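So the structure is just underneath, and the comments pick up after that.
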Amino acid sequence: MNEEIIQEIEHLREKIRYHNHRYHVLDDPEITDSEYDKLFSRLQLLERENPELINPDSPTQKVGAAPLKTFDPVRHSQPMLSLENAFSDQEIKEFDTRLKRLNSSGDPIEYVVEPKMDRLAIELVFEDGRLTKASTRGDGFTGENVTENIKTLPAVPHNLLAPVGEDEIPNLLEARGEVYMEKRDFVELNRVRLSEGLTLFANPRNAAAGSLRQLDPKITKMRRLNFFCYGTGVISDYKASTYYEIMVFLKSLGLPVNLTDMKLCSNIGEVIEQCHHLEDNRDGFPFEMDGAVIKVNRLHLQEKFGIKTRSPRWAIARKFKPVQVMTKIRNIEIQVGRTGALTPVALLEPVEVGGVTVRRATLHNKEEIEKKDIRISDTVLVQRAGDVIPEVVESIKSKRTGGETEFIFPDKCPVCGSAVLKKSNEVVIRCLNKKCPAQTNAGLKHFVSKGAMDIDGLGEKIITQLIDKGFISQGVDIYRLDKEKLLQLDKIEEKSANNILSAISNSKKTTLPKFIYALGIRHVGEHIAAVIADHFKKIDALKIADEDELLSIKEVGPQIAESIVSYFSDEANVLHIDSLINEGVQFEEASYNSKSPVAGKTIVVTGTLNRMKRDEIKDFIIKNGGRVASSVGKGTDMLLAGVDPGSKLDRARELGIQIIDEEGFFSMFS
C-alpha cells in the first residue's frame, strides 16, 4: 500500500473535521463551500480507489447503517421536560415574582435568555467521549432511537474533544439540544420537492422532524439538518455552578452551542428587554424563532425551585406574537365539506408567514366575507392563528385601486351543481345533495380519522382513488375491501395493502363515543358524542330517542337534538349502522362509574400529559362518569392542565374554574 495515499487520506479527514467544526460549531468558516466540496470529493475518490482504507469514523461514512425497519424506544435516564409558556411581559414579571417568593435565601436571581427555535428536541449520549446513542424527546420519558440518522449531521461530532488544559472528558455525558433546518435550506428543499411533484413541508420544524425520522439515513444526510445544544442530562465527574458555565463547557468539547445569541441578564427588566430584541430582529436570524427561552442561571437555585409535573419552575418560554403580513387575494374558491357546508377559501399570492409559505386561507363563510368586506384582488393582512392556521385578518381598504371585484357566492353547489340552502338559524350555506362527490369524500375522510374509526393508512389520496374506482361510497364499504382491490391503486404494493387491511380489521373494535362521532351527524363532535353515549349506553336506545329526551341531557340543545333525530329518521342511515355491525364492527357499551370524583363534571384537558395519551385520558374520564369538553366556558367544572397548557389556562383562571395538574387529578382516584 502506498504510504503517501494513506497519509493523504488521513490528512483530508482531519482537515474536513476541522472545517466542519469551524462551520457548524464556531460559526466561523475559513474556506468557501466550493473549497470544502473539493476536499470532500478528493477524499471520496481516494476511498473508492482504496476501499480497504475506509473506516466508520471517516467524514464520508456519516450515512450510518443500512435502512432501519423501525425506531426502537429509548428510555431517558432523566425526563426531557417541556416549558411553560408566557405570552406577555406581565407573565414574565409574574414568573420572576413566583421565583422570588420561593427564594427564601434572598440570593440574587440571574437569568439566561436564548432564542426558542422551531425545532426537534434530541438527546445525545456520549460514553467515554464516543457518541453511542441519540434519541428524540418523545413523550419526555421515552423517545425514538435515531442514532444512525443523527450521525449523518455534520454538526454532531462522533467523538468529543478534550477541553483545553484538561486531559479527560466525562465518562458519561447526555447532551440535549435541538435539530433544526435553516430557512434557506428549507426553501431549497421545498423548491426541489415542488419540481418533483412531492408534497411540500409545512414549516422548517416539520421538515426537520420528517427528515430525521427517515428509515434511510442517506435521505436524512441529504436534508442539511443542523444542531444546537441547550442543556444536559447526566454528566459524570463534572461540577459547575451555572447553566452558562455548562454551555461553555459543552462547546469546549466540540459540541455546537449558540453562545452568540445567549445573553446573561441580572434582573427581569433586562430579560424583557432581550426578549423584545429577539422578537424585533427575528427575521434576521438564519433559523425560525417562535419565542425566547428564559432560564435561571445558577444551578443551586434551579435545584431549589425544582420541577412540576413535567416542566421546571426555573424556566419559561416567552412566545412571540404570530407574524402578520400583507398579500393579495388572487381569487376565491368554494370547498364543500362532509356536511355539505360551502366554505370560501382565499387563494393568495404566496407569502411567508412565520416561516411558512401561505397560498390559501379560509374565509369561513359568506357572512364573514361581507362583514370584512373582502374582495378579489384586495390587499389583505394574513396571519397564522396560533402560528398554525392561515387566516385573513382584514382587507386593507387604503390600498384599493378600483380593480377589486366583489365575490358572488354561488347559488348552486360548485361540485355537483345541486341546489344550496341556508337555514335561518345557521350562517353556513349547504349543498342539499347527500350524494355529492365532495361530501362523500370528506365524509369518508372523517369516518377513518383518529377520533372516529381510526383506520391508519387510509389517507386522502387513497380514499379518492377508492371512490373514483367505485370501490367505496360509504363507511361500510371500507370493511368490504380486499387485497385485490387495493392493489389496483397507484403506489400500493402487497405490503402496504396488507397493512391497510390489518388497520381496517383492528378498527372494528371501538367504543360507542367514537362510533357515534364516526357517523358524521351534523353538530355532533367528539365531546357531544361522548355525552350522548354516556346517557344512552346503547346505540339501539339512541336510534329511537326523541327530541324531548335528547333535550333533557345537559349540553344538548335544540339544534343538536333536531340534527340527531333527523339523522336516525333517515332509513338509509339506520341501514348503514346495521350493515357496519353485520360486518363485525363492535363497540364497548360501557358502564359508567357514577360514584367517581369526576362523575357529572365537565372537564377540559389541555397541554401534554405523561401517564396517558389524550384519547386515553378522555376515555378514562368518560368511563368515570365525567364529560370532556374541548373549550373552557362557564359550564366547565375542572381544567386538567398538563405541560404547555396555553390560553385555556388563562381562561380558566378568569372564570375561577378549578385547575388541577396530572398528579393531583389521579390522586383523587387513589
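Letters A, B, ... go to the chains of the C-alpha cells in the order shown; residues in each chain start at 1; ligands are counted from 1 in the same order.
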
**OP:** Please identify which residues in region 438-570 of chain A DSSP calls alpha helix (DSSP H) from the backbone, and express them as a PyMOL selection string.
**Re:** chain A and resi 438-448+460-468+475-478+483-486+494-506+512-518+526-536+539-543+547-551+558-569

Subject >> Contacts of Leu153 (chain A) at 8 Å (only C-alpha atoms; same-chain gap of 4+ positions) as a PyMOL selection string >> reply: chain A and resi 62+149+221+224-227

**OP:** Considering only C-alpha atoms, return as a PyMOL selection string whatever protein or nucleic-acid residues lie within 6 Å of Arg130 (chain A), sequence-local ones (same chain, fewer than 4 positions apart) excluded.
**Re:** chain A and resi 126+158-159

For those residues, write N, CA and C atoms to a file as an mmCIF file, in the first residue's frame.
data_model
loop_
_atom_site.group_PDB
_atom_site.id
_atom_site.type_symbol
_atom_site.label_atom_id
_atom_site.label_comp_id
_atom_site.auth_asym_id
_atom_site.auth_seq_id
_atom_site.Cartn_x
_atom_site.Cartn_y
_atom_site.Cartn_z
ATOM 1 N N PHE A 126 -22.994 10.325 25.103
ATOM 2 C CA PHE A 126 -21.583 10.046 24.837
ATOM 3 C C PHE A 126 -21.030 9.220 25.992
ATOM 4 N N HIS A 158 -18.825 12.708 16.324
ATOM 5 C CA HIS A 158 -18.880 11.313 16.746
ATOM 6 C C HIS A 158 -18.043 11.092 18.004
ATOM 7 N N ASN A 159 -17.044 11.972 18.190
ATOM 8 C CA ASN A 159 -16.157 11.876 19.348
ATOM 9 C C ASN A 159 -15.954 13.263 19.933
#

**OP:** Record the distance separating CA of Glu4 (chain A) and CA of Leu43 (chain A), expressed in Å with one decimal.
**Re:** 13.5 Å

**OP:** Go through A:Ile622, A:Ile472, A:Cys436, A:Leu381 one by one, measure the shortest atom-to-atom distance of each to Thr511 (chain A) using only C-alpha atoms, and give the residue with the smallest value.
**Re:**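 Ranked by minimum distance to Thr511 (chain A), first place goes to A:Ile622.
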
Original post:
Can you list, as a list in words, every residue of region 479-627 of chain A that DSSP puts in strand (DSSP E)?
Top reply: Lys509, Thr510, Thr511, Gln586, Phe587, Glu588, Thr602, Ile603, Val604, Val605, Thr606 and Arg627 of chain A
